[in-house]
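Single-structure report; data block below.
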Amino acid sequence: MFRFSRKARSTSWGIALCTMFIVASFSVAGGIRNSTEKLERNFSADYYLVTLPAEHGMGFFDQSELSSSYAKSAFGMFALVTAQPSEQNITVFSIEDPNHVLTSSLSTTENDVLAGTNLALVGNLSLRSEMVTVSGKFSSSMFSDDWLFGSPELLHSLTGQPGFNFAISKSLTADEIASLGSNGFSVEPMIGIIQFLRSGVGEIERDMSWVLLPSSFVTAVLAYSFLGSETADRRHEIGIIKTIGAGRRRVLSYLLANAAIVSAWGGAMGLALGIVLSYGISTIASTMFASVFMIKASETLLLLSFASAVLAGLAGALIPAVKMTWSSPVEDLKEVVR
């Protein structure tokens with residue numbers, strides 16, 4: 001009864017593309033959740049981001065201005081600069097952690113911030129420039145490794161400002177937060193920021209679940225079209241099977257098995273294509289957003305995608321299959337074999 005014809009192959013490829021879209025979409029959503037969970041682990045302690053709002057972004061302040069919060073804080077600064085001769089905009093940052101409140105070990109030597117590379121860094125606001133030798137790639141679970149890690153002296157030279165423009169404080173009390181607020185500082189809980197990101201990820205995952213509906217619908221339409229055309233082309237052969245004693249249930253099982261094989265083959269190809277596409281997206285995202293963003297194609301996701309392809313194919317094939325089983329063998333045999 002089953003022949004893997006050109007029509008069956010084209011239908012399988014259509015189902016494969018639908019399955020690939022499901023796998024890639026849910027893999028991206030899973031990757032975003034992984035990234036958020038990684039950030040949450042990095043800030044599992046009760047950290048707060050302390051900044052001093054200013055007219056042009058974040059203002060600079062001295063360590064002593066945090067008064068009672070000094071012993072609970074690490075101090076940092078960053079600047080958007082232009083790297084010449086490439087004219088590429090990059091972020092240079094520095095961290096001082098005299099109280100050891102961060103989980104990452106941070107250190108730098110003078111202006112050394114990738115081996116064998118000399119850059120002229122020009123501050124975008126101050127237009128001050130500084131030559132640096134990039135001698136090693138900074139890596140940290142807390143800060144992006146797309147940023148250049150420099151010394152405080154380098155940042156002060158590029159910005160033309162003394163002090164720091166942010167602090168990361170740990171386990172602040174309500175009185176300490178109120179004191180900082182009265183001095184003009186903005187205090188944002190890092191866990192609160194991560195929880196906000198998690199709620200956004202939840203919405204993305206819920207939106208991604210709707211991908212199943214149109215993809216499954218297209219798969220069902222493809223299976224309906226395939227089996228409807230296949231039964232029309234082979235109606236004479238089906239009539240012979242009915243004549244030699246095959247009942248309606250057996251004919252129905254033959255036709256649905258035909259659709260199941262085509263759907264399963266397309267679903268399997270879709271899984272392979274979806275995994276390749278997912279990790280292609282992961283590779284591109286890693287170059288753009290450092291290595292925090294990682295695609296996750298779990299076994300549950302792959303099983304769900306494959307099952308949706310097969311079930312949607314069977315659902316789409318059910319109508320033409322049932323219609324064929326109720327036709328008269330005499331009418332089937334009148335069809336001329338092509």
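Scheme for the structure tokens: letters A, B, ... for chains in order shown; per-chain residue numbers from 1; ligand numbers from 1 in order shown.
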Surrounding residues of A:Leu49 excluding itself and chain neighbours under 5 positions, 7 Å, only C-alpha atoms, as number ranges by chain: A: 167-169, 187-190
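Look at A:Arg9: the protein and nucleic acid residues within 12 Å of it, using only C-alpha atoms and passing over chain neighbours fewer than 3 places away, are Arg3, Phe4, Ser5, Arg6, Ser12, Trp13, Gly14, Ile15, Ala16, Leu222, Ala223, Phe226, Ala259, Ile261, Val262, Ser263, Ala264, Trp265, Gly266 and Met269 of chain A.
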Neighbour list for A:Thr51 as a PyMOL selection string, cut-off 8 Å, only C-alpha atoms, skip fewer than 5 positions in-chain: chain A and resi 58-59+165-167+185-187
Selection export as a compact mmCIF listing (two decimals), in the first residue's frame, atoms kept: C-alpha atoms:
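Everything below was put into part_6.txt:
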# COMPACT_ATOMS: atom_id res chain seq x y z
CA MET A 58 24.86 58.42 35.70
CA GLY A 59 26.84 60.89 37.73
CA ASN A 165 29.52 56.02 38.59
CA PHE A 166 27.99 52.88 40.12
CA ALA A 167 28.28 50.64 43.15
CA PHE A 185 21.19 57.97 45.01
CA SER A 186 19.02 55.48 43.14
CA VAL A 187 18.95 51.98 44.69
Long-range neighbours of A:Val122 as a short mmCIF file (atom, residue, chain, number, x, y, z; two decimals) with N, CA and C atoms, in the first residue's frame, 10 Å cut-off, only C-alpha atoms, 2 positions minimum in chain:
data_model
loop_
_atom_site.label_atom_id
_atom_site.label_comp_id
_atom_site.auth_asym_id
_atom_site.auth_seq_id
_atom_site.Cartn_x
_atom_site.Cartn_y
_atom_site.Cartn_z
N LEU A 80 31.55 54.60 27.64
CA LEU A 80 31.43 54.25 26.23
C LEU A 80 32.48 55.03 25.47
N VAL A 81 33.36 54.32 24.79
CA VAL A 81 34.48 54.98 24.10
C VAL A 81 34.57 54.48 22.67
N THR A 82 35.38 55.14 21.89
CA THR A 82 35.64 54.75 20.50
C THR A 82 37.04 54.18 20.40
N ALA A 83 37.15 52.97 19.84
CA ALA A 83 38.45 52.34 19.66
C ALA A 83 38.97 52.66 18.26
N GLN A 84 40.10 53.31 18.19
CA GLN A 84 40.70 53.64 16.89
C GLN A 84 41.84 52.68 16.61
N GLU A 87 37.28 52.57 14.77
CA GLU A 87 36.12 53.43 15.03
C GLU A 87 34.95 52.63 15.61
N ASN A 89 32.59 51.34 18.64
CA ASN A 89 32.17 51.76 19.97
C ASN A 89 32.24 50.56 20.92
N LEU A 119 45.43 49.69 21.00
CA LEU A 119 44.28 50.49 20.66
C LEU A 119 44.42 51.90 21.22
N ALA A 120 43.88 52.85 20.47
CA ALA A 120 43.73 54.19 21.00
C ALA A 120 42.27 54.37 21.37
N ASN A 124 33.95 59.32 24.48
CA ASN A 124 32.91 59.93 23.63
C ASN A 124 32.46 61.28 24.15
N LEU A 125 32.53 61.50 25.46
CA LEU A 125 32.10 62.79 26.02
C LEU A 125 33.28 63.73 26.22
N SER A 126 34.35 63.21 26.78
CA SER A 126 35.48 64.09 27.10
C SER A 126 36.42 64.30 25.93
N LEU A 127 36.34 63.40 24.92
CA LEU A 127 37.24 63.41 23.77
C LEU A 127 38.70 63.24 24.19
N ARG A 128 38.92 62.74 25.40
CA ARG A 128 40.27 62.40 25.83
C ARG A 128 40.65 61.07 25.21
N SER A 129 41.91 60.86 24.94
CA SER A 129 42.36 59.61 24.33
C SER A 129 43.45 58.98 25.18
N GLU A 130 43.57 57.66 25.05
CA GLU A 130 44.55 56.91 25.82
C GLU A 130 44.96 55.69 25.02
N MET A 131 46.26 55.45 24.92
CA MET A 131 46.76 54.24 24.26
C MET A 131 46.78 53.09 25.26
N SER A 157 41.03 58.78 33.10
CA SER A 157 41.61 59.54 31.99
C SER A 157 40.62 59.72 30.86
N LEU A 158 39.86 58.65 30.56
CA LEU A 158 38.92 58.70 29.44
C LEU A 158 37.70 59.55 29.75
N THR A 159 37.25 59.53 30.99
CA THR A 159 36.04 60.27 31.35
C THR A 159 36.33 61.68 31.82
#
Nearest candidate to A:Cys18 (options A:Gly30, A:Gly313, A:Gly239, A:Gly76; using only C-alpha atoms): A:Gly313
DSSP strand (DSSP E) residues within stretch 15-100 of chain A, as a count of residues only: 32
So which residues touch A:Met20 within 10 Å, counting only C-alpha atoms, skipping near sequence neighbours fewer than 2 positions away, as a CSV table (one decimal) with C-alpha atoms, in the first residue's frame?
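What follows is the written file out.csv:
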chain,number,residue,atom,x,y,z
A,14,GLY,CA,6.9,20.5,4.4
A,15,ILE,CA,6.2,18.8,7.7
A,16,ALA,CA,10.0,18.9,8.5
A,17,LEU,CA,10.0,22.7,8.0
A,18,CYS,CA,7.0,23.1,10.4
A,22,ILE,CA,8.7,24.5,16.5
A,23,VAL,CA,12.1,23.2,17.7
A,24,ALA,CA,13.9,26.4,17.0
A,25,SER,CA,11.3,28.6,18.6
A,215,SER,CA,2.6,24.8,12.7
A,266,GLY,CA,9.1,14.7,8.2
A,267,GLY,CA,9.1,15.1,12.0
A,268,ALA,CA,12.5,13.3,12.3
A,269,MET,CA,14.0,15.5,9.6
A,270,GLY,CA,12.5,18.6,11.3
A,271,LEU,CA,14.1,17.6,14.6
A,272,ALA,CA,17.5,17.4,12.9
A,273,LEU,CA,17.1,20.7,11.1
A,274,GLY,CA,15.7,22.4,14.2
A,275,ILE,CA,18.7,21.3,16.3
A,276,VAL,CA,21.1,22.6,13.6
A,277,LEU,CA,19.2,25.9,13.3
A,278,SER,CA,19.0,26.3,17.1
A,305,SER,CA,7.8,18.5,18.6
A,306,PHE,CA,7.9,15.0,17.0
For A:Val251, the nearest of the candidates A:Ile281, A:Leu52, A:Val132, A:Ala321, counting only C-alpha atoms: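 Ranking A:Ile281, A:Leu52, A:Val132, A:Ala321 by distance to A:Val251, first place goes to A:Ala321.
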Among listed residues A:Val310, A:Ala178, A:Leu255, A:Ile284, nearest A:Ser216 (using only C-alpha atoms):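 Nearest candidate to A:Ser216 out of A:Val310, A:Ala178, A:Leu255, A:Ile284: A:Val310.
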Residues near A:Val322, anyone? I mean within 12 Å using only C-alpha atoms, not counting same-chain ones fewer than 3 positions away, as a compact mmCIF listing (two decimals) with N, CA, C and O atoms, in the first residue's frame.
# COMPACT_ATOMS: atom_id res chain seq x y z
N TYR A 224 -3.58 16.20 4.95
CA TYR A 224 -4.90 16.10 4.30
C TYR A 224 -4.75 16.14 2.79
O TYR A 224 -5.34 15.33 2.06
N LEU A 227 -2.87 12.76 1.53
CA LEU A 227 -3.65 11.53 1.54
C LEU A 227 -4.87 11.63 0.63
O LEU A 227 -5.28 10.64 0.00
N GLY A 228 -5.47 12.84 0.54
CA GLY A 228 -6.59 13.00 -0.38
C GLY A 228 -6.17 12.76 -1.81
O GLY A 228 -6.87 12.08 -2.58
N THR A 231 -5.16 8.86 -2.23
CA THR A 231 -6.30 7.94 -2.34
C THR A 231 -7.01 8.10 -3.68
O THR A 231 -7.54 7.14 -4.24
N ARG A 248 -13.38 -2.24 6.49
CA ARG A 248 -13.17 -0.79 6.59
C ARG A 248 -12.09 -0.44 7.61
O ARG A 248 -11.28 0.46 7.38
N ARG A 249 -12.08 -1.17 8.74
CA ARG A 249 -11.08 -0.87 9.76
C ARG A 249 -9.67 -1.12 9.26
O ARG A 249 -8.75 -0.34 9.53
N ARG A 250 -9.49 -2.23 8.49
CA ARG A 250 -8.16 -2.52 7.97
C ARG A 250 -7.74 -1.51 6.92
O ARG A 250 -6.58 -1.05 6.91
N VAL A 251 -8.65 -1.12 6.04
CA VAL A 251 -8.33 -0.11 5.04
C VAL A 251 -7.98 1.22 5.71
O VAL A 251 -7.02 1.91 5.32
N LEU A 252 -8.75 1.56 6.75
CA LEU A 252 -8.47 2.80 7.48
C LEU A 252 -7.09 2.75 8.13
O LEU A 252 -6.33 3.75 8.09
N SER A 253 -6.74 1.60 8.70
CA SER A 253 -5.41 1.48 9.34
C SER A 253 -4.30 1.59 8.30
O SER A 253 -3.25 2.18 8.57
N TYR A 254 -4.51 1.02 7.08
CA TYR A 254 -3.51 1.14 6.03
C TYR A 254 -3.28 2.61 5.67
O TYR A 254 -2.14 3.07 5.56
N LEU A 255 -4.37 3.34 5.47
CA LEU A 255 -4.26 4.72 5.04
C LEU A 255 -3.64 5.60 6.13
O LEU A 255 -2.79 6.47 5.85
N LEU A 256 -4.05 5.39 7.39
CA LEU A 256 -3.49 6.20 8.48
C LEU A 256 -2.03 5.84 8.72
O LEU A 256 -1.22 6.71 9.08
N LEU A 314 -1.76 12.76 11.40
CA LEU A 314 -2.85 11.79 11.49
C LEU A 314 -4.21 12.48 11.51
O LEU A 314 -5.17 12.00 10.89
N ALA A 315 -4.30 13.61 12.23
CA ALA A 315 -5.56 14.34 12.28
C ALA A 315 -5.96 14.86 10.91
O ALA A 315 -7.13 14.80 10.51
N GLY A 316 -4.98 15.38 10.16
CA GLY A 316 -5.28 15.88 8.83
C GLY A 316 -5.65 14.79 7.85
O GLY A 316 -6.47 14.99 6.94
N ALA A 317 -5.06 13.59 8.04
CA ALA A 317 -5.32 12.49 7.12
C ALA A 317 -6.60 11.73 7.44
O ALA A 317 -7.07 10.92 6.63
N LEU A 318 -7.18 11.99 8.60
CA LEU A 318 -8.33 11.20 9.05
C LEU A 318 -9.54 11.38 8.13
O LEU A 318 -10.22 10.41 7.79
N ILE A 319 -9.82 12.62 7.70
CA ILE A 319 -11.01 12.87 6.88
C ILE A 319 -10.95 12.14 5.54
O ILE A 319 -11.88 11.39 5.20
N THR A 325 -12.76 4.80 3.13
CA THR A 325 -13.24 3.52 3.64
C THR A 325 -14.74 3.32 3.41
O THR A 325 -15.22 2.18 3.34
N TRP A 326 -15.51 4.39 3.30
CA TRP A 326 -16.95 4.29 3.12
C TRP A 326 -17.36 4.23 1.66
O TRP A 326 -18.55 4.10 1.35
N SER A 327 -16.43 4.36 0.76
CA SER A 327 -16.78 4.28 -0.66
C SER A 327 -17.03 2.82 -1.05
O SER A 327 -16.49 1.88 -0.44
